[in-house]
Amino acid sequence: MSTEEPAVGRWRNLDGSIAGRQEGDPDLVFGHVSDLHGQLTPRNQIYYDNSTAGPDFEFGDDDRVIDRAGGIPVLAAKLDELRADHEVCTLMSGDTFHGSAVTTYTNGRAMLDPINEHVNPDVYVPGNWDYSNEAAEDGNFVELMADLDAPVLANNLYDRETDDLLYDPYRILDVGGLSVGVVGMTNVYVDRMAPAFYEGKYRFGKHPALLEESAHAAREDGADVVVAVTEIGLPWMVQAAKDCARVDVMFSAHTHEYTYDPIVVEETETIVVESGMGEALGRVDLRVQNSEVQFRHHLYCLTEDGEYTPEPDDTASETVESVRAPFYEDDPGFERGAGTLERPLDTVVGRTEKPLYRQAFLESAWNTLFNDALRDHFDADLAVSHGFRYGTAIPRGEITLEELYTFFPMATPVARGVAYGQQLKSHMEEFLVDNFTPYPYDQEDGRVRNFSSNVEVTIDPTAKRGRRLVEMRVDGDPIDPEETYSVATFRRPGDPERDLGNCGFPFQDVEVDDGKIPVDVIVDFLNDNSPVEYEVMGLVETADDGGRAQNTPADGPYPFIQPGVDYSEGEAYCETAMIPSENDFPEEGRNRTR
């Protein structure tokens, strides 16, 4: 028996009730790795204090801490530790081959040896960013997946020409004396997020009925238990757990949430867990007692000083260092798209007086800094960017080139254009619809669009569709719908020529700086302005009579299921079943749209 057993929670039935018999070993252990985003070595990560979550950190007087965590050598050592004591099935949700300079300049292929040789997953389910290599001239998603040693599962990924499934929808695995049906479902929104990621090659089935269909097929094929591994997001998966009764455990990813306690859906006796972003490992133990499935769960945050963090695996460390070594030479000489890496990644490029991170929903200091750098580069009226939530945290002090690439690991050129005020307002309204809809299957992004520090936005999350933007101000003045504004952003591969920064409307007077990628612009800005001092400034606020939206897990209930407003201050989730149960899975269940 492992000495770490006290860390694992109590045995519970799938309806959440405490099991009568607590002693006894699991029949099998699931290890869940999600959203690695190119993390080969330990990185600084932000962790939030929250009374409903209970992360085991010393927060002191603050509500957040920054700690170094993760890396393939530590992750591999933790998995080996579990495998020494248990029958382990390692499940991996995607967004693995993207997220760093190393992945950017190798089209993700630098991750193959570390994953195949040391993580050794039993199942891999692609994430939305795994398709990003299609945006490179020599990138190919299918070839990348073919070089994984693990079987790839995706019950909703079709060849657009033949309409055939590219991968198996599920796999039956015999682990610990149990027949386990593992269903895989890739992100359903890739075709809307970035055209260059799929270029008409793929079709993405979107309906959650596909999960129930695959689970039904797995049970017909002899599965004792059925689990689903996905990369769609926690709100989507919580609702799917209420709609899909045949799945016992749903392993979620994409929204980078930490379910320190599993989400239990009593109506369908389904549990949902999400395991952070690469530096954590989710563990779910299962056993069958008197024909009843029981579980227990623990989320290991693999911080360097963590109680349950092992020493890094030496062999994995050697593999990782061999992959990274070329990026620390005096002149690495890597090129991709509009980007060129001419300096080693450990080059110090600036300083910050306050920590920089962006694990936030409405606003983060990092995204504001990035937009200010874009605005400064083009001398524009304002700047806009996605509002991403992945990336390392940077403590107070030096900033390296490597850290910048974790925030924006894309070699796409920066750009500017001219837009009418009404276009900007309509664009913001569309994002508010996406994030604050009470229908989880319509949610996609999990973050609000971010702007430069001279833009302030007031929203009403509880208003009706199309009325959630209360006011938008530039330099203190309300945006004039009929006025034009110069907007700094970037150019995405595959987008229409006049559509910049995923804004979805045509800009005028487009100017693309093919010699600069976002990281270059940030380096220039830091060179001119270090040390920088950014923090959350309240640039996105809710109206006094418009409900509340939490920005971080420190601001309200956890798990932090966006949007946190359409369901009674986050205390109760949408309880309505949104697809027919026990249906015959008509062809419409594989619809091409939402």
# chains A, B, ... in the order shown; residues from 1 in each chain; ligands from 1
$ select_by_dssp --residues "range 348-493 of chain A" --states "strand (DSSP E)" --output "ChimeraX atom specification"
/A:348-352,382-385,397-400,414-420,450-451,455-459,469-474,477-478,484-490
$ residues_around --residues "Glu335 in chain A" --least-positions-apart "3" --cutoff "10 Å" --atoms "only C-alpha atoms" --output "list in words"
Thr104, Tyr105, Thr106, Pro332, Ala338, Gly339, Thr340, Leu341, Glu342 and Ala411 of chain A
$ write_last_selection --atoms "all heavy atoms" --output "PDB file, in the first residue's frame"
ATOM      1  N   THR A 104       6.068  25.869 -30.507  1.00  0.00           N
ATOM      2  CA  THR A 104       5.829  26.775 -31.633  1.00  0.00           C
ATOM      3  C   THR A 104       6.793  26.502 -32.779  1.00  0.00           C
ATOM      4  O   THR A 104       6.391  26.406 -33.940  1.00  0.00           O
ATOM      5  CB  THR A 104       5.971  28.242 -31.181  1.00  0.00           C
ATOM      6  OG1 THR A 104       4.945  28.537 -30.226  1.00  0.00           O
ATOM      7  CG2 THR A 104       5.844  29.196 -32.367  1.00  0.00           C
ATOM      8  N   TYR A 105       8.068  26.364 -32.474  1.00  0.00           N
ATOM      9  CA  TYR A 105       9.083  26.256 -33.519  1.00  0.00           C
ATOM     10  C   TYR A 105       9.390  24.822 -33.935  1.00  0.00           C
ATOM     11  O   TYR A 105      10.275  24.597 -34.764  1.00  0.00           O
ATOM     12  CB  TYR A 105      10.355  26.972 -33.081  1.00  0.00           C
ATOM     13  CG  TYR A 105      10.182  28.479 -33.071  1.00  0.00           C
ATOM     14  CD1 TYR A 105      10.059  29.177 -31.877  1.00  0.00           C
ATOM     15  CD2 TYR A 105      10.096  29.193 -34.256  1.00  0.00           C
ATOM     16  CE1 TYR A 105       9.881  30.569 -31.868  1.00  0.00           C
ATOM     17  CE2 TYR A 105       9.916  30.575 -34.258  1.00  0.00           C
ATOM     18  CZ  TYR A 105       9.813  31.252 -33.059  1.00  0.00           C
ATOM     19  OH  TYR A 105       9.628  32.613 -33.059  1.00  0.00           O
ATOM     20  N   THR A 106       8.665  23.855 -33.377  1.00  0.00           N
ATOM     21  CA  THR A 106       8.804  22.461 -33.840  1.00  0.00           C
ATOM     22  C   THR A 106       7.470  21.897 -34.296  1.00  0.00           C
ATOM     23  O   THR A 106       7.344  20.685 -34.474  1.00  0.00           O
ATOM     24  CB  THR A 106       9.369  21.556 -32.717  1.00  0.00           C
ATOM     25  OG1 THR A 106       8.429  21.488 -31.641  1.00  0.00           O
ATOM     26  CG2 THR A 106      10.710  22.065 -32.222  1.00  0.00           C
ATOM     27  N   PRO A 332      19.689  30.395 -31.590  1.00  0.00           N
ATOM     28  CA  PRO A 332      18.896  29.196 -31.873  1.00  0.00           C
ATOM     29  C   PRO A 332      18.524  29.072 -33.344  1.00  0.00           C
ATOM     30  O   PRO A 332      18.513  27.965 -33.887  1.00  0.00           O
ATOM     31  CB  PRO A 332      17.654  29.384 -30.996  1.00  0.00           C
ATOM     32  CG  PRO A 332      18.097  30.307 -29.904  1.00  0.00           C
ATOM     33  CD  PRO A 332      19.076  31.233 -30.544  1.00  0.00           C
ATOM     34  N   ALA A 338       5.746  34.155 -39.132  1.00  0.00           N
ATOM     35  CA  ALA A 338       6.396  35.461 -39.090  1.00  0.00           C
ATOM     36  C   ALA A 338       7.446  35.545 -37.989  1.00  0.00           C
ATOM     37  O   ALA A 338       8.053  36.597 -37.790  1.00  0.00           O
ATOM     38  CB  ALA A 338       5.345  36.556 -38.882  1.00  0.00           C
ATOM     39  N   GLY A 339       7.658  34.438 -37.260  1.00  0.00           N
ATOM     40  CA  GLY A 339       8.540  34.478 -36.108  1.00  0.00           C
ATOM     41  C   GLY A 339       9.922  33.932 -36.373  1.00  0.00           C
ATOM     42  O   GLY A 339      10.102  32.998 -37.151  1.00  0.00           O
ATOM     43  N   THR A 340      10.897  34.507 -35.678  1.00  0.00           N
ATOM     44  CA  THR A 340      12.281  34.035 -35.707  1.00  0.00           C
ATOM     45  C   THR A 340      12.832  34.094 -34.291  1.00  0.00           C
ATOM     46  O   THR A 340      12.718  35.120 -33.621  1.00  0.00           O
ATOM     47  CB  THR A 340      13.159  34.903 -36.620  1.00  0.00           C
ATOM     48  OG1 THR A 340      12.617  34.902 -37.941  1.00  0.00           O
ATOM     49  CG2 THR A 340      14.583  34.378 -36.661  1.00  0.00           C
ATOM     50  N   LEU A 341      13.416  32.992 -33.835  1.00  0.00           N
ATOM     51  CA  LEU A 341      14.011  32.949 -32.500  1.00  0.00           C
ATOM     52  C   LEU A 341      15.514  33.106 -32.646  1.00  0.00           C
ATOM     53  O   LEU A 341      16.208  32.181 -33.062  1.00  0.00           O
ATOM     54  CB  LEU A 341      13.661  31.637 -31.800  1.00  0.00           C
ATOM     55  CG  LEU A 341      14.125  31.510 -30.344  1.00  0.00           C
ATOM     56  CD1 LEU A 341      13.427  32.540 -29.464  1.00  0.00           C
ATOM     57  CD2 LEU A 341      13.871  30.101 -29.821  1.00  0.00           C
ATOM     58  N   GLU A 342      16.016  34.277 -32.295  1.00  0.00           N
ATOM     59  CA  GLU A 342      17.422  34.601 -32.511  1.00  0.00           C
ATOM     60  C   GLU A 342      18.219  34.654 -31.218  1.00  0.00           C
ATOM     61  O   GLU A 342      19.438  34.812 -31.242  1.00  0.00           O
ATOM     62  CB  GLU A 342      17.543  35.947 -33.229  1.00  0.00           C
ATOM     63  CG  GLU A 342      16.889  35.938 -34.613  1.00  0.00           C
ATOM     64  CD  GLU A 342      16.894  37.296 -35.268  1.00  0.00           C
ATOM     65  OE1 GLU A 342      16.842  38.305 -34.513  1.00  0.00           O
ATOM     66  OE2 GLU A 342      16.956  37.366 -36.501  1.00  0.00           O
ATOM     67  N   ALA A 411       3.334  32.303 -33.913  1.00  0.00           N
ATOM     68  CA  ALA A 411       4.206  33.087 -34.784  1.00  0.00           C
ATOM     69  C   ALA A 411       3.387  33.799 -35.849  1.00  0.00           C
ATOM     70  O   ALA A 411       3.670  33.724 -37.038  1.00  0.00           O
ATOM     71  CB  ALA A 411       5.261  32.191 -35.417  1.00  0.00           C
TER      72      ALA A 411
END
$ select_by_dssp --residues "range 46-129 of chain A" --states "alpha helix (DSSP H)" --output "PyMOL selection string"
chain A and resi 72-85+101-104+112-114
$ atom_distance --atom1 "CA of Thr186 in chain A" --atom2 "CA of Glu497 in chain A"
28.6 Å
$ closest_residue --among "A:Ile66, A:Val470, A:Val8, A:Leu526" --to "Asp285 in chain A" --atoms "only C-alpha atoms"
A:Val8
$ residues_around --residues "Thr41 in chain A" --least-positions-apart "4" --cutoff "8 Å" --atoms "only C-alpha atoms" --output "VMD selection string"
chain A and resid 70 to 73 320
$ residues_around --residues "Ala280 in chain A" --least-positions-apart "5" --cutoff "9 Å" --atoms "only C-alpha atoms" --output "PyMOL selection string"
chain A and resi 32-34+69-70+75+258+275+299-303
$ write_last_selection --atoms "C-alpha atoms" --output "PDB file, in the first residue's frame"
ATOM      1  CA  HIS A  32      -5.870  12.260 -15.665  1.00  0.00           C
ATOM      2  CA  VAL A  33      -3.447  14.634 -17.409  1.00  0.00           C
ATOM      3  CA  SER A  34      -4.983  17.668 -19.098  1.00  0.00           C
ATOM      4  CA  ALA A  69       4.987  23.199 -10.316  1.00  0.00           C
ATOM      5  CA  GLY A  70       4.753  20.424 -12.859  1.00  0.00           C
ATOM      6  CA  LEU A  75       4.526  14.115 -13.802  1.00  0.00           C
ATOM      7  CA  TYR A 258      -9.117  22.537 -10.639  1.00  0.00           C
ATOM      8  CA  SER A 275      -7.449  18.478 -13.567  1.00  0.00           C
ATOM      9  CA  LEU A 299      -6.192  16.290  -7.282  1.00  0.00           C
ATOM     10  CA  TYR A 300      -2.429  16.450  -6.929  1.00  0.00           C
ATOM     11  CA  CYS A 301      -1.039  19.933  -7.526  1.00  0.00           C
ATOM     12  CA  LEU A 302       2.560  18.971  -8.192  1.00  0.00           C
ATOM     13  CA  THR A 303       4.273  22.013  -6.706  1.00  0.00           C
TER      14      THR A 303
END
$ closest_residue --among "A:Ser385, A:Asn120, A:Phe97, A:Leu345" --to "Glu134 in chain A" --atoms "only C-alpha atoms"
A:Phe97
$ residues_around --residues "range 142-147 of chain A" --least-positions-apart "5" --cutoff "8 Å" --atoms "only C-alpha atoms" --output "PDB file with C-alpha atoms, in the first residue's frame"
ATOM      1  CA  GLY A 108       4.475  20.528 -31.587  1.00  0.00           C
ATOM      2  CA  ARG A 109       6.734  17.579 -32.364  1.00  0.00           C
ATOM      3  CA  LEU A 112       6.301  13.415 -28.771  1.00  0.00           C
ATOM      4  CA  VAL A 152      -6.447   8.501 -30.185  1.00  0.00           C
TER       5      VAL A 152
END
$ atom_distance --atom1 "CA of Asp25 in chain A" --atom2 "CA of Val273 in chain A"
20.9 Å
$ closest_residue --among "A:Val288, A:Leu401, A:Ala245, A:Val183" --to "Asp524 in chain A" --atoms "only C-alpha atoms"
A:Leu401
$ closest_residue --among "A:Thr412, A:Thr352, A:Ser214, A:Thr96" --to "Pro493 in chain A" --atoms "only C-alpha atoms"
A:Thr412
$ residues_around --residues "Asp442 in chain A" --least-positions-apart "3" --cutoff "10 Å" --atoms "only C-alpha atoms" --output "PyMOL selection string"
chain A and resi 189+235-236+433-439+445+594
$ atom_distance --atom1 "CA of Thr484 in chain A" --atom2 "CA of His386 in chain A"
21.1 Å
